[in-house]
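Participant: So here's query35.pdb, just PDB, N, CA, C and O atoms and all ligand atoms:
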```
MODEL        1
ATOM      1  N   MET A 482     -13.303  -8.352  11.130
ATOM      2  CA  MET A 482     -11.885  -8.540  10.793
ATOM      3  C   MET A 482     -11.224  -7.176  10.588
ATOM      4  O   MET A 482     -11.747  -6.342   9.858
ATOM      5  N   PRO A 483     -10.123  -6.955  11.248
ATOM      6  CA  PRO A 483      -9.497  -5.630  11.139
ATOM      7  C   PRO A 483      -8.941  -5.382   9.745
ATOM      8  O   PRO A 483      -8.419  -6.298   9.099
ATOM      9  N   LEU A 484      -9.057  -4.177   9.302
ATOM     10  CA  LEU A 484      -8.519  -3.804   8.006
ATOM     11  C   LEU A 484      -7.123  -3.226   8.177
ATOM     12  O   LEU A 484      -6.789  -2.644   9.201
ATOM     13  N   TRP A 485      -6.349  -3.393   7.169
ATOM     14  CA  TRP A 485      -4.996  -2.809   7.126
ATOM     15  C   TRP A 485      -4.917  -1.996   5.848
ATOM     16  O   TRP A 485      -5.479  -2.373   4.827
ATOM     17  N   PHE A 486      -4.219  -0.880   5.912
ATOM     18  CA  PHE A 486      -4.135   0.000   4.749
ATOM     19  C   PHE A 486      -2.691   0.136   4.288
ATOM     20  O   PHE A 486      -1.783   0.333   5.109
ATOM     21  N   CYS A 487      -2.498   0.014   2.972
ATOM     22  CA  CYS A 487      -1.156   0.141   2.416
ATOM     23  C   CYS A 487      -0.552   1.479   2.834
ATOM     24  O   CYS A 487      -1.195   2.523   2.727
ATOM     25  N   ARG A 488       0.696   1.429   3.278
ATOM     26  CA  ARG A 488       1.379   2.635   3.753
ATOM     27  C   ARG A 488       1.792   3.540   2.597
ATOM     28  O   ARG A 488       2.137   4.698   2.817
ATOM     29  N   VAL A 489       1.764   2.982   1.387
ATOM     30  CA  VAL A 489       2.169   3.767   0.212
ATOM     31  C   VAL A 489       0.956   4.375  -0.487
ATOM     32  O   VAL A 489       0.929   5.563  -0.782
ATOM     33  N   CYS A 490      -0.077   3.523  -0.749
ATOM     34  CA  CYS A 490      -1.206   3.992  -1.556
ATOM     35  C   CYS A 490      -2.538   3.993  -0.817
ATOM     36  O   CYS A 490      -3.512   4.515  -1.337
ATOM     37  N   GLY A 491      -2.616   3.363   0.354
ATOM     38  CA  GLY A 491      -3.853   3.384   1.125
ATOM     39  C   GLY A 491      -4.845   2.286   0.786
ATOM     40  O   GLY A 491      -5.947   2.266   1.345
ATOM     41  N   LEU A 492      -4.474   1.359  -0.116
ATOM     42  CA  LEU A 492      -5.391   0.260  -0.440
ATOM     43  C   LEU A 492      -5.686  -0.545   0.817
ATOM     44  O   LEU A 492      -4.783  -0.803   1.614
ATOM     45  N   ASP A 493      -6.957  -0.945   0.992
ATOM     46  CA  ASP A 493      -7.342  -1.687   2.187
ATOM     47  C   ASP A 493      -7.149  -3.187   2.009
ATOM     48  O   ASP A 493      -7.380  -3.732   0.934
ATOM     49  N   TYR A 494      -6.710  -3.812   3.099
ATOM     50  CA  TYR A 494      -6.493  -5.261   3.130
ATOM     51  C   TYR A 494      -7.239  -5.859   4.304
ATOM     52  O   TYR A 494      -7.359  -5.219   5.352
ATOM     53  N   ASP A 495      -7.718  -7.111   4.129
ATOM     54  CA  ASP A 495      -8.402  -7.798   5.217
ATOM     55  C   ASP A 495      -7.416  -8.243   6.293
ATOM     56  O   ASP A 495      -7.779  -8.393   7.457
ATOM     57  N   GLU A 496      -6.168  -8.494   5.875
ATOM     58  CA  GLU A 496      -5.143  -8.901   6.840
ATOM     59  C   GLU A 496      -3.887  -8.091   6.576
ATOM     60  O   GLU A 496      -3.608  -7.705   5.448
ATOM     61  N   SER A 497      -3.108  -7.879   7.627
ATOM     62  CA  SER A 497      -1.878  -7.118   7.468
ATOM     63  C   SER A 497      -0.785  -7.964   6.817
ATOM     64  O   SER A 497      -0.463  -9.042   7.311
ATOM     65  N   PRO A 498      -0.189  -7.462   5.724
ATOM     66  CA  PRO A 498       0.949  -8.174   5.139
ATOM     67  C   PRO A 498       2.190  -8.071   6.026
ATOM     68  O   PRO A 498       3.213  -8.691   5.731
ATOM     69  N   TRP A 499       2.079  -7.316   7.097
ATOM     70  CA  TRP A 499       3.171  -7.212   8.074
ATOM     71  C   TRP A 499       2.991  -8.211   9.203
ATOM     72  O   TRP A 499       3.725  -8.170  10.191
ATOM     73  N   GLY A 500       1.992  -9.084   9.070
ATOM     74  CA  GLY A 500       1.769 -10.115  10.080
ATOM     75  C   GLY A 500       0.997  -9.595  11.270
ATOM     76  O   GLY A 500       0.836  -8.385  11.440
ATOM     77  N   PRO A 501       0.487 -10.520  12.101
ATOM     78  CA  PRO A 501      -0.317 -10.131  13.261
ATOM     79  C   PRO A 501       0.445  -9.248  14.244
ATOM     80  O   PRO A 501      -0.149  -8.453  14.966
ATOM     81  N   ASP A 502       1.774  -9.363  14.270
ATOM     82  CA  ASP A 502       2.555  -8.540  15.202
ATOM     83  C   ASP A 502       3.068  -7.256  14.548
ATOM     84  O   ASP A 502       3.755  -6.458  15.186
ATOM     85  N   GLU A 503       2.732  -7.069  13.255
ATOM     86  CA  GLU A 503       3.153  -5.877  12.503
ATOM     87  C   GLU A 503       4.681  -5.774  12.373
ATOM     88  O   GLU A 503       5.211  -4.703  12.107
ATOM     89  N   HIS A 504       5.372  -6.887  12.564
ATOM     90  CA  HIS A 504       6.839  -6.863  12.466
ATOM     91  C   HIS A 504       7.389  -7.968  11.569
ATOM     92  O   HIS A 504       8.599  -8.157  11.500
ATOM     93  N   THR A 505       6.488  -8.722  10.916
ATOM     94  CA  THR A 505       6.953  -9.832  10.082
ATOM     95  C   THR A 505       6.337  -9.720   8.687
ATOM     96  O   THR A 505       5.414 -10.454   8.338
ATOM     97  N   PRO A 506       6.854  -8.778   7.886
ATOM     98  CA  PRO A 506       6.309  -8.566   6.538
ATOM     99  C   PRO A 506       6.487  -9.803   5.661
ATOM    100  O   PRO A 506       7.474 -10.535   5.779
ATOM    101  N   ASP A 507       5.496 -10.027   4.792
ATOM    102  CA  ASP A 507       5.533 -11.222   3.936
ATOM    103  C   ASP A 507       6.181 -10.950   2.578
ATOM    104  O   ASP A 507       6.312 -11.858   1.765
ATOM    105  N   HIS A 508       6.593  -9.707   2.357
ATOM    106  CA  HIS A 508       7.310  -9.335   1.128
ATOM    107  C   HIS A 508       6.511  -9.613  -0.152
ATOM    108  O   HIS A 508       7.091  -9.839  -1.209
ATOM    109  N   THR A 509       5.187  -9.605  -0.022
ATOM    110  CA  THR A 509       4.357  -9.640  -1.223
ATOM    111  C   THR A 509       4.272  -8.209  -1.753
ATOM    112  O   THR A 509       4.785  -7.277  -1.125
ATOM    113  N   LEU A 510       3.633  -8.054  -2.911
ATOM    114  CA  LEU A 510       3.525  -6.740  -3.536
ATOM    115  C   LEU A 510       2.102  -6.223  -3.439
ATOM    116  O   LEU A 510       1.147  -6.981  -3.616
ATOM    117  N   CYS A 511       1.971  -4.929  -3.188
ATOM    118  CA  CYS A 511       0.646  -4.309  -3.147
ATOM    119  C   CYS A 511       0.026  -4.407  -4.537
ATOM    120  O   CYS A 511       0.668  -4.074  -5.538
ATOM    121  N   GLY A 512      -1.226  -4.849  -4.592
ATOM    122  CA  GLY A 512      -1.894  -5.004  -5.871
ATOM    123  C   GLY A 512      -2.145  -3.696  -6.587
ATOM    124  O   GLY A 512      -2.328  -3.665  -7.799
ATOM    125  N   CYS A 513      -2.114  -2.606  -5.860
ATOM    126  CA  CYS A 513      -2.360  -1.298  -6.461
ATOM    127  C   CYS A 513      -1.052  -0.609  -6.819
ATOM    128  O   CYS A 513      -0.756  -0.401  -7.993
ATOM    129  N   CYS A 514      -0.249  -0.248  -5.816
ATOM    130  CA  CYS A 514       0.953   0.547  -6.084
ATOM    131  C   CYS A 514       2.176  -0.311  -6.378
ATOM    132  O   CYS A 514       3.179   0.204  -6.884
ATOM    133  N   GLY A 515       2.114  -1.604  -6.080
ATOM    134  CA  GLY A 515       3.243  -2.482  -6.378
ATOM    135  C   GLY A 515       4.364  -2.435  -5.363
ATOM    136  O   GLY A 515       5.407  -3.048  -5.570
ATOM    137  N   ALA A 516       4.161  -1.741  -4.252
ATOM    138  CA  ALA A 516       5.192  -1.680  -3.212
ATOM    139  C   ALA A 516       5.404  -3.063  -2.612
ATOM    140  O   ALA A 516       4.453  -3.829  -2.439
ATOM    141  N   GLU A 517       6.662  -3.372  -2.322
ATOM    142  CA  GLU A 517       6.964  -4.624  -1.633
ATOM    143  C   GLU A 517       6.847  -4.380  -0.140
ATOM    144  O   GLU A 517       7.585  -3.556   0.423
ATOM    145  N   PHE A 518       5.914  -5.108   0.517
ATOM    146  CA  PHE A 518       5.725  -4.944   1.958
ATOM    147  C   PHE A 518       6.966  -5.438   2.691
ATOM    148  O   PHE A 518       7.440  -6.540   2.457
ATOM    149  N   GLY A 519       7.487  -4.580   3.557
ATOM    150  CA  GLY A 519       8.702  -4.924   4.285
ATOM    151  C   GLY A 519       9.926  -4.276   3.677
ATOM    152  O   GLY A 519      11.005  -4.311   4.255
ATOM    153  N   TYR A 520       9.762  -3.682   2.497
ATOM    154  CA  TYR A 520      10.886  -3.010   1.852
ATOM    155  C   TYR A 520      10.524  -1.563   1.508
ATOM    156  O   TYR A 520      11.015  -0.636   2.125
ATOM    157  N   HIS A 521       9.628  -1.403   0.526
ATOM    158  CA  HIS A 521       9.269  -0.048   0.123
ATOM    159  C   HIS A 521       8.496   0.702   1.209
ATOM    160  O   HIS A 521       8.473   1.928   1.207
ATOM    161  N   ASP A 522       7.849  -0.027   2.119
ATOM    162  CA  ASP A 522       7.066   0.631   3.172
ATOM    163  C   ASP A 522       7.707   0.435   4.546
ATOM    164  O   ASP A 522       7.048   0.549   5.560
ATOM    165  N   ALA A 523       9.000   0.170   4.566
ATOM    166  CA  ALA A 523       9.670  -0.120   5.837
ATOM    167  C   ALA A 523       9.755   1.103   6.736
ATOM    168  O   ALA A 523       9.720   0.980   7.960
ATOM    169  N   THR A 524       9.866   2.280   6.144
ATOM    170  CA  THR A 524       9.923   3.515   6.924
ATOM    171  C   THR A 524       9.013   4.552   6.275
ATOM    172  O   THR A 524       8.691   4.441   5.082
ATOM    173  N   PRO A 525       8.605   5.567   7.043
ATOM    174  CA  PRO A 525       7.795   6.634   6.436
ATOM    175  C   PRO A 525       8.504   7.269   5.236
ATOM    176  O   PRO A 525       7.869   7.565   4.224
ATOM    177  N   ALA A 526       9.814   7.443   5.332
ATOM    178  CA  ALA A 526      10.560   8.064   4.231
ATOM    179  C   ALA A 526      10.528   7.190   2.984
ATOM    180  O   ALA A 526      10.328   7.687   1.866
ATOM    181  N   SER A 527      10.723   5.890   3.155
ATOM    182  CA  SER A 527      10.724   5.008   1.984
ATOM    183  C   SER A 527       9.326   4.911   1.388
ATOM    184  O   SER A 527       9.164   4.823   0.169
ATOM    185  N   ALA A 528       8.294   4.927   2.230
ATOM    186  CA  ALA A 528       6.921   4.881   1.734
ATOM    187  C   ALA A 528       6.602   6.141   0.922
ATOM    188  O   ALA A 528       5.996   6.068  -0.141
ATOM    189  N   ARG A 529       7.047   7.288   1.441
ATOM    190  CA  ARG A 529       6.783   8.551   0.724
ATOM    191  C   ARG A 529       7.535   8.581  -0.603
ATOM    192  O   ARG A 529       7.003   9.055  -1.621
ATOM    193  N   GLN A 530       8.754   8.087  -0.606
ATOM    194  CA  GLN A 530       9.552   8.094  -1.828
ATOM    195  C   GLN A 530       8.901   7.202  -2.889
ATOM    196  O   GLN A 530       8.767   7.593  -4.045
ATOM    197  N   PHE A 531       8.479   5.985  -2.480
ATOM    198  CA  PHE A 531       7.867   5.079  -3.438
ATOM    199  C   PHE A 531       6.535   5.639  -3.923
ATOM    200  O   PHE A 531       6.193   5.524  -5.105
ATOM    201  N   ARG A 532       5.785   6.291  -3.015
ATOM    202  CA  ARG A 532       4.510   6.901  -3.394
ATOM    203  C   ARG A 532       4.723   8.006  -4.436
ATOM    204  O   ARG A 532       3.988   8.093  -5.417
ATOM    205  N   ALA A 533       5.752   8.815  -4.220
ATOM    206  CA  ALA A 533       6.025   9.906  -5.156
ATOM    207  C   ALA A 533       6.341   9.347  -6.544
ATOM    208  O   ALA A 533       5.870   9.880  -7.556
ATOM    209  N   GLN A 534       7.123   8.277  -6.586
ATOM    210  CA  GLN A 534       7.452   7.647  -7.871
ATOM    211  C   GLN A 534       6.197   7.072  -8.527
ATOM    212  O   GLN A 534       5.983   7.209  -9.732
ATOM    213  N   TRP A 535       5.374   6.418  -7.712
ATOM    214  CA  TRP A 535       4.159   5.794  -8.219
ATOM    215  C   TRP A 535       3.195   6.847  -8.774
ATOM    216  O   TRP A 535       2.657   6.692  -9.880
ATOM    217  N   LEU A 536       3.013   7.934  -8.031
ATOM    218  CA  LEU A 536       2.126   9.000  -8.497
ATOM    219  C   LEU A 536       2.688   9.667  -9.751
ATOM    220  O   LEU A 536       1.949   9.962 -10.693
ATOM    221  N   ALA A 537       4.006   9.878  -9.775
ATOM    222  CA  ALA A 537       4.630  10.540 -10.920
ATOM    223  C   ALA A 537       4.520   9.696 -12.189
ATOM    224  O   ALA A 537       4.487  10.227 -13.306
ATOM    225  N   SER A 538       4.433   8.378 -11.995
ATOM    226  CA  SER A 538       4.347   7.496 -13.162
ATOM    227  C   SER A 538       2.909   7.228 -13.574
ATOM    228  O   SER A 538       2.633   6.372 -14.411
ATOM    229  N   GLY A 539       1.949   7.937 -12.942
ATOM    230  CA  GLY A 539       0.566   7.828 -13.357
ATOM    231  C   GLY A 539      -0.340   7.043 -12.432
ATOM    232  O   GLY A 539      -1.511   6.855 -12.717
ATOM    233  N   ALA A 540       0.200   6.546 -11.315
ATOM    234  CA  ALA A 540      -0.606   5.838 -10.311
ATOM    235  C   ALA A 540      -1.399   4.677 -10.908
ATOM    236  O   ALA A 540      -2.575   4.507 -10.620
ATOM    237  N   GLY A 541      -0.747   3.892 -11.732
ATOM    238  CA  GLY A 541      -1.421   2.720 -12.293
ATOM    239  C   GLY A 541      -1.465   1.568 -11.313
ATOM    240  O   GLY A 541      -0.699   1.535 -10.350
ATOM    241  N   TRP A 542      -2.376   0.617 -11.576
ATOM    242  CA  TRP A 542      -2.475  -0.564 -10.715
ATOM    243  C   TRP A 542      -1.430  -1.592 -11.125
ATOM    244  O   TRP A 542      -1.309  -1.926 -12.308
ATOM    245  N   PHE A 543      -0.717  -2.122 -10.137
ATOM    246  CA  PHE A 543       0.299  -3.134 -10.403
ATOM    247  C   PHE A 543      -0.362  -4.375 -11.001
ATOM    248  O   PHE A 543       0.179  -5.013 -11.911
ATOM    249  N   TYR A 544      -1.511  -4.737 -10.459
ATOM    250  CA  TYR A 544      -2.340  -5.812 -11.028
ATOM    251  C   TYR A 544      -3.612  -5.151 -11.562
ATOM    252  O   TYR A 544      -4.589  -4.992 -10.816
ATOM    253  N   PRO A 545      -3.609  -4.736 -12.824
ATOM    254  CA  PRO A 545      -4.735  -3.953 -13.363
ATOM    255  C   PRO A 545      -6.093  -4.638 -13.228
ATOM    256  O   PRO A 545      -7.118  -3.956 -13.117
ATOM    257  N   ASN A 546      -6.113  -5.969 -13.210
ATOM    258  CA  ASN A 546      -7.408  -6.660 -13.120
ATOM    259  C   ASN A 546      -8.027  -6.527 -11.738
ATOM    260  O   ASN A 546      -9.194  -6.867 -11.540
ATOM    261  N   LEU A 547      -7.264  -6.044 -10.750
ATOM    262  CA  LEU A 547      -7.805  -5.828  -9.405
ATOM    263  C   LEU A 547      -8.408  -4.435  -9.246
ATOM    264  O   LEU A 547      -9.040  -4.132  -8.251
ATOM    265  N   ARG A 548      -8.196  -3.585 -10.259
ATOM    266  CA  ARG A 548      -8.655  -2.197 -10.153
ATOM    267  C   ARG A 548     -10.178  -2.141 -10.195
ATOM    268  O   ARG A 548     -10.792  -2.594 -11.161
ATOM    269  N   PRO A 549     -10.804  -1.587  -9.126
ATOM    270  CA  PRO A 549     -12.265  -1.459  -9.126
ATOM    271  C   PRO A 549     -12.716  -0.508 -10.233
ATOM    272  O   PRO A 549     -12.023   0.469 -10.541
ATOM    273  N   ALA A 550     -13.883  -0.805 -10.805
ATOM    274  CA  ALA A 550     -14.398   0.036 -11.885
ATOM    275  C   ALA A 550     -14.625   1.460 -11.406
ATOM    276  O   ALA A 550     -14.461   2.410 -12.160
ATOM    277  N   SER A 551     -14.997   1.585 -10.152
ATOM    278  CA  SER A 551     -15.298   2.912  -9.617
ATOM    279  C   SER A 551     -14.184   3.395  -8.693
ATOM    280  O   SER A 551     -14.432   4.023  -7.667
ATOM    281  N   TRP A 552     -12.947   3.092  -9.056
ATOM    282  CA  TRP A 552     -11.808   3.437  -8.193
ATOM    283  C   TRP A 552     -11.727   4.940  -7.950
ATOM    284  O   TRP A 552     -11.803   5.720  -8.899
ATOM    285  N   GLN A 553     -11.560   5.315  -6.686
ATOM    286  CA  GLN A 553     -11.427   6.716  -6.313
ATOM    287  C   GLN A 553     -10.045   6.911  -5.686
ATOM    288  O   GLN A 553      -9.866   6.691  -4.479
ATOM    289  N   PRO A 554      -9.054   7.308  -6.470
ATOM    290  CA  PRO A 554      -7.683   7.429  -5.940
ATOM    291  C   PRO A 554      -7.570   8.347  -4.727
ATOM    292  O   PRO A 554      -6.872   8.031  -3.765
ATOM    293  N   ALA A 555      -8.267   9.481  -4.754
ATOM    294  CA  ALA A 555      -8.151  10.428  -3.641
ATOM    295  C   ALA A 555      -8.668   9.817  -2.349
ATOM    296  O   ALA A 555      -8.065   9.984  -1.280
ATOM    297  N   GLU A 556      -9.784   9.076  -2.436
ATOM    298  CA  GLU A 556     -10.339   8.444  -1.235
ATOM    299  C   GLU A 556      -9.384   7.392  -0.685
ATOM    300  O   GLU A 556      -9.208   7.243   0.518
ATOM    301  N   GLN A 557      -8.761   6.658  -1.604
ATOM    302  CA  GLN A 557      -7.826   5.614  -1.165
ATOM    303  C   GLN A 557      -6.582   6.230  -0.528
ATOM    304  O   GLN A 557      -6.123   5.780   0.527
ATOM    305  N   LEU A 558      -6.056   7.274  -1.150
ATOM    306  CA  LEU A 558      -4.863   7.928  -0.609
ATOM    307  C   LEU A 558      -5.129   8.500   0.780
ATOM    308  O   LEU A 558      -4.232   8.574   1.625
ATOM    309  N   ALA A 559      -6.381   8.882   1.045
ATOM    310  CA  ALA A 559      -6.733   9.449   2.349
ATOM    311  C   ALA A 559      -6.684   8.390   3.448
ATOM    312  O   ALA A 559      -6.686   8.730   4.636
ATOM    313  N   GLN A 560      -6.622   7.114   3.052
ATOM    314  CA  GLN A 560      -6.606   6.019   4.043
ATOM    315  C   GLN A 560      -5.182   5.657   4.483
ATOM    316  O   GLN A 560      -4.993   4.780   5.345
ATOM    317  N   ILE A 561      -4.174   6.289   3.895
ATOM    318  CA  ILE A 561      -2.793   5.994   4.282
ATOM    319  C   ILE A 561      -2.620   6.309   5.771
ATOM    320  O   ILE A 561      -3.050   7.375   6.218
ATOM    321  N   PRO A 562      -2.026   5.373   6.523
ATOM    322  CA  PRO A 562      -1.821   5.641   7.960
ATOM    323  C   PRO A 562      -1.084   6.973   8.165
ATOM    324  O   PRO A 562      -0.145   7.300   7.422
ATOM    325  N   VAL A 563      -1.535   7.725   9.153
ATOM    326  CA  VAL A 563      -1.042   9.090   9.362
ATOM    327  C   VAL A 563       0.482   9.147   9.415
ATOM    328  O   VAL A 563       1.102  10.033   8.833
ATOM    329  N   ALA A 564       1.101   8.194  10.078
ATOM    330  CA  ALA A 564       2.555   8.229  10.246
ATOM    331  C   ALA A 564       3.305   8.105   8.923
ATOM    332  O   ALA A 564       4.484   8.458   8.840
ATOM    333  N   TYR A 565       2.593   7.629   7.884
ATOM    334  CA  TYR A 565       3.242   7.399   6.596
ATOM    335  C   TYR A 565       2.781   8.362   5.521
ATOM    336  O   TYR A 565       3.180   8.231   4.371
ATOM    337  N   GLN A 566       1.930   9.305   5.886
ATOM    338  CA  GLN A 566       1.433  10.260   4.907
ATOM    339  C   GLN A 566       2.527  11.255   4.506
ATOM    340  O   GLN A 566       3.485  11.437   5.227
TER     341      GLN A 566
HETATM  342 ZN    ZN B 601      -0.152   0.102  -2.128
ENDMDL
END
```
How does the structure come out when it is put into structure tokens?
Ligand SMILES: [Zn+2]
Facilitator:
Amino acid sequence: MPLWFCRVCGLDYDESPWGPDEHTPDHTLCGCCGAEFGYHDATPASARQFRAQWLASGAGWFYPNLRPASWQPAEQLAQIPVAYQ
């Protein structure tokens, strides 16, 4: 199953919240950075802006119970698609 990576924080997903055609976002929120798919990650500029805010506020998990015990923020951030870095 193909993985999809959050354009803001790099969290991996089993399915794309942008839909199979990558053009139909479901407007759910990233469990890590809290970005709304289809809004905060609609463009590289908006993704970078939301990422900067998220990092500046301490990079907390939007759903803290989803945070892995061994979370490695740097490794996750490295997974951000190149066009959105
Ligand atoms: Zn995210």
Participant: What do you get, as a ChimeraX atom specification, if you spell out every residue that the PyMOL selection byres (((chain A and resi 491) around 7) and not hetatm) selects here?
Facilitator: /A:485-490,492-494,556-562
Participant: Nearest to His504 of chain A among A:Ala550, A:Gln534, A:Thr524, A:Gly519, with distances taken over all atoms listed in the file: which residue is it?
Facilitator: A:Gly519
Participant: Go through A:Gln566, A:Cys514, A:Leu547, A:Gly500 one by one, measure the shortest atom-to-atom distance of each to ligand ZN 601 (chain B) using only C-alpha atoms and all ligand atoms, and give the residue with the smallest value.
Facilitator: A:Cys514
Participant: Between atom N of Val563 of chain A and atom N of Cys513 of chain A, what is the spacing in Å?
Facilitator: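 Spanning atom N of Cys513 of chain A to atom N of Val563 of chain A is a straight-line distance of 18.2 Å.
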Participant: From the DSSP assignment of the backbone, select every residue of chain A that is strand (DSSP E), and format the answer as a list in words.
Facilitator: Trp485, Phe486, Asp493 and Tyr494 of chain A
Participant: Which of these, A:Ala523, A:Ala564, A:Cys511, A:Ala528, has the shortest distance to Gly541 of chain A once you count all atoms listed in the file?
Facilitator: A:Cys511
Participant: By how many Å are atom CA of Trp535 of chain A and atom CA of Pro501 of chain A apart?
Facilitator: 27.1 Å
Participant: Choose the residue, out of A:Ala555, A:Leu484, A:Ala540, A:Leu510, that has the smallest atom-to-atom separation from Ser497 of chain A; count only N, CA, C and O atoms.
Facilitator: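 Residue with the minimum atom-to-atom distance to Ser497 of chain A: A:Leu484.
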Participant: Using only N, CA, C and O atoms and all ligand atoms, which of the listed residues (A:Pro549, A:Gly539, A:Pro525, A:Gly515) sits closest to ligand ZN 601 (chain B)?
Facilitator: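 Selected residue with least distance to ligand ZN 601 (chain B): A:Gly515.
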Participant: Taking the partial coordinates given, rebuild segment 502-509 of chain A to contain all heavy atoms; return it as a PDB file, in the coordinates of the input.
Facilitator:
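Below is the file that was written, rebuild-v9.pdb:
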```
ATOM      1  N   ASP A 502       1.774  -9.363  14.270  1.00  0.00           N
ATOM      2  CA  ASP A 502       2.555  -8.540  15.202  1.00  0.00           C
ATOM      3  C   ASP A 502       3.068  -7.256  14.548  1.00  0.00           C
ATOM      4  O   ASP A 502       3.755  -6.458  15.186  1.00  0.00           O
ATOM      5  CB  ASP A 502       3.730  -9.336  15.772  1.00  0.00           C
ATOM      6  CG  ASP A 502       4.732  -9.748  14.683  1.00  0.00           C
ATOM      7  OD1 ASP A 502       4.495  -9.434  13.488  1.00  0.00           O
ATOM      8  OD2 ASP A 502       5.747 -10.380  15.031  1.00  0.00           O
ATOM      9  N   GLU A 503       2.732  -7.069  13.255  1.00  0.00           N
ATOM     10  CA  GLU A 503       3.153  -5.877  12.503  1.00  0.00           C
ATOM     11  C   GLU A 503       4.681  -5.774  12.373  1.00  0.00           C
ATOM     12  O   GLU A 503       5.211  -4.703  12.107  1.00  0.00           O
ATOM     13  CB  GLU A 503       2.604  -4.594  13.150  1.00  0.00           C
ATOM     14  CG  GLU A 503       1.099  -4.422  12.969  1.00  0.00           C
ATOM     15  CD  GLU A 503       0.682  -4.115  11.530  1.00  0.00           C
ATOM     16  OE1 GLU A 503       1.390  -3.369  10.853  1.00  0.00           O
ATOM     17  OE2 GLU A 503      -0.348  -4.657  11.079  1.00  0.00           O
ATOM     18  N   HIS A 504       5.372  -6.887  12.564  1.00  0.00           N
ATOM     19  CA  HIS A 504       6.839  -6.863  12.466  1.00  0.00           C
ATOM     20  C   HIS A 504       7.389  -7.968  11.569  1.00  0.00           C
ATOM     21  O   HIS A 504       8.599  -8.157  11.500  1.00  0.00           O
ATOM     22  CB  HIS A 504       7.470  -6.986  13.858  1.00  0.00           C
ATOM     23  CG  HIS A 504       7.258  -5.775  14.717  1.00  0.00           C
ATOM     24  ND1 HIS A 504       7.901  -4.575  14.497  1.00  0.00           N
ATOM     25  CD2 HIS A 504       6.436  -5.577  15.773  1.00  0.00           C
ATOM     26  CE1 HIS A 504       7.499  -3.694  15.403  1.00  0.00           C
ATOM     27  NE2 HIS A 504       6.600  -4.273  16.176  1.00  0.00           N
ATOM     28  N   THR A 505       6.488  -8.722  10.916  1.00  0.00           N
ATOM     29  CA  THR A 505       6.953  -9.832  10.082  1.00  0.00           C
ATOM     30  C   THR A 505       6.337  -9.720   8.687  1.00  0.00           C
ATOM     31  O   THR A 505       5.414 -10.454   8.338  1.00  0.00           O
ATOM     32  CB  THR A 505       6.574 -11.191  10.708  1.00  0.00           C
ATOM     33  OG1 THR A 505       5.190 -11.159  11.081  1.00  0.00           O
ATOM     34  CG2 THR A 505       7.432 -11.496  11.916  1.00  0.00           C
ATOM     35  N   PRO A 506       6.854  -8.778   7.886  1.00  0.00           N
ATOM     36  CA  PRO A 506       6.309  -8.566   6.538  1.00  0.00           C
ATOM     37  C   PRO A 506       6.487  -9.803   5.661  1.00  0.00           C
ATOM     38  O   PRO A 506       7.474 -10.535   5.779  1.00  0.00           O
ATOM     39  CB  PRO A 506       7.123  -7.386   6.005  1.00  0.00           C
ATOM     40  CG  PRO A 506       8.388  -7.400   6.795  1.00  0.00           C
ATOM     41  CD  PRO A 506       8.000  -7.898   8.166  1.00  0.00           C
ATOM     42  N   ASP A 507       5.496 -10.027   4.792  1.00  0.00           N
ATOM     43  CA  ASP A 507       5.533 -11.222   3.936  1.00  0.00           C
ATOM     44  C   ASP A 507       6.181 -10.950   2.578  1.00  0.00           C
ATOM     45  O   ASP A 507       6.312 -11.858   1.765  1.00  0.00           O
ATOM     46  CB  ASP A 507       4.128 -11.807   3.764  1.00  0.00           C
ATOM     47  CG  ASP A 507       3.159 -10.831   3.087  1.00  0.00           C
ATOM     48  OD1 ASP A 507       3.600  -9.780   2.570  1.00  0.00           O
ATOM     49  OD2 ASP A 507       1.954 -11.136   3.076  1.00  0.00           O
ATOM     50  N   HIS A 508       6.593  -9.707   2.357  1.00  0.00           N
ATOM     51  CA  HIS A 508       7.310  -9.335   1.128  1.00  0.00           C
ATOM     52  C   HIS A 508       6.511  -9.613  -0.152  1.00  0.00           C
ATOM     53  O   HIS A 508       7.091  -9.839  -1.209  1.00  0.00           O
ATOM     54  CB  HIS A 508       8.692  -9.996   1.070  1.00  0.00           C
ATOM     55  CG  HIS A 508       9.618  -9.457   2.129  1.00  0.00           C
ATOM     56  ND1 HIS A 508      10.310  -8.281   1.981  1.00  0.00           N
ATOM     57  CD2 HIS A 508       9.911  -9.924   3.371  1.00  0.00           C
ATOM     58  CE1 HIS A 508      11.021  -8.057   3.092  1.00  0.00           C
ATOM     59  NE2 HIS A 508      10.785  -9.028   3.947  1.00  0.00           N
ATOM     60  N   THR A 509       5.187  -9.605  -0.022  1.00  0.00           N
ATOM     61  CA  THR A 509       4.357  -9.640  -1.223  1.00  0.00           C
ATOM     62  C   THR A 509       4.272  -8.209  -1.753  1.00  0.00           C
ATOM     63  O   THR A 509       4.785  -7.277  -1.125  1.00  0.00           O
ATOM     64  CB  THR A 509       2.943 -10.175  -0.908  1.00  0.00           C
ATOM     65  OG1 THR A 509       2.391  -9.410   0.163  1.00  0.00           O
ATOM     66  CG2 THR A 509       3.002 -11.648  -0.507  1.00  0.00           C
TER      67      THR A 509
END
```
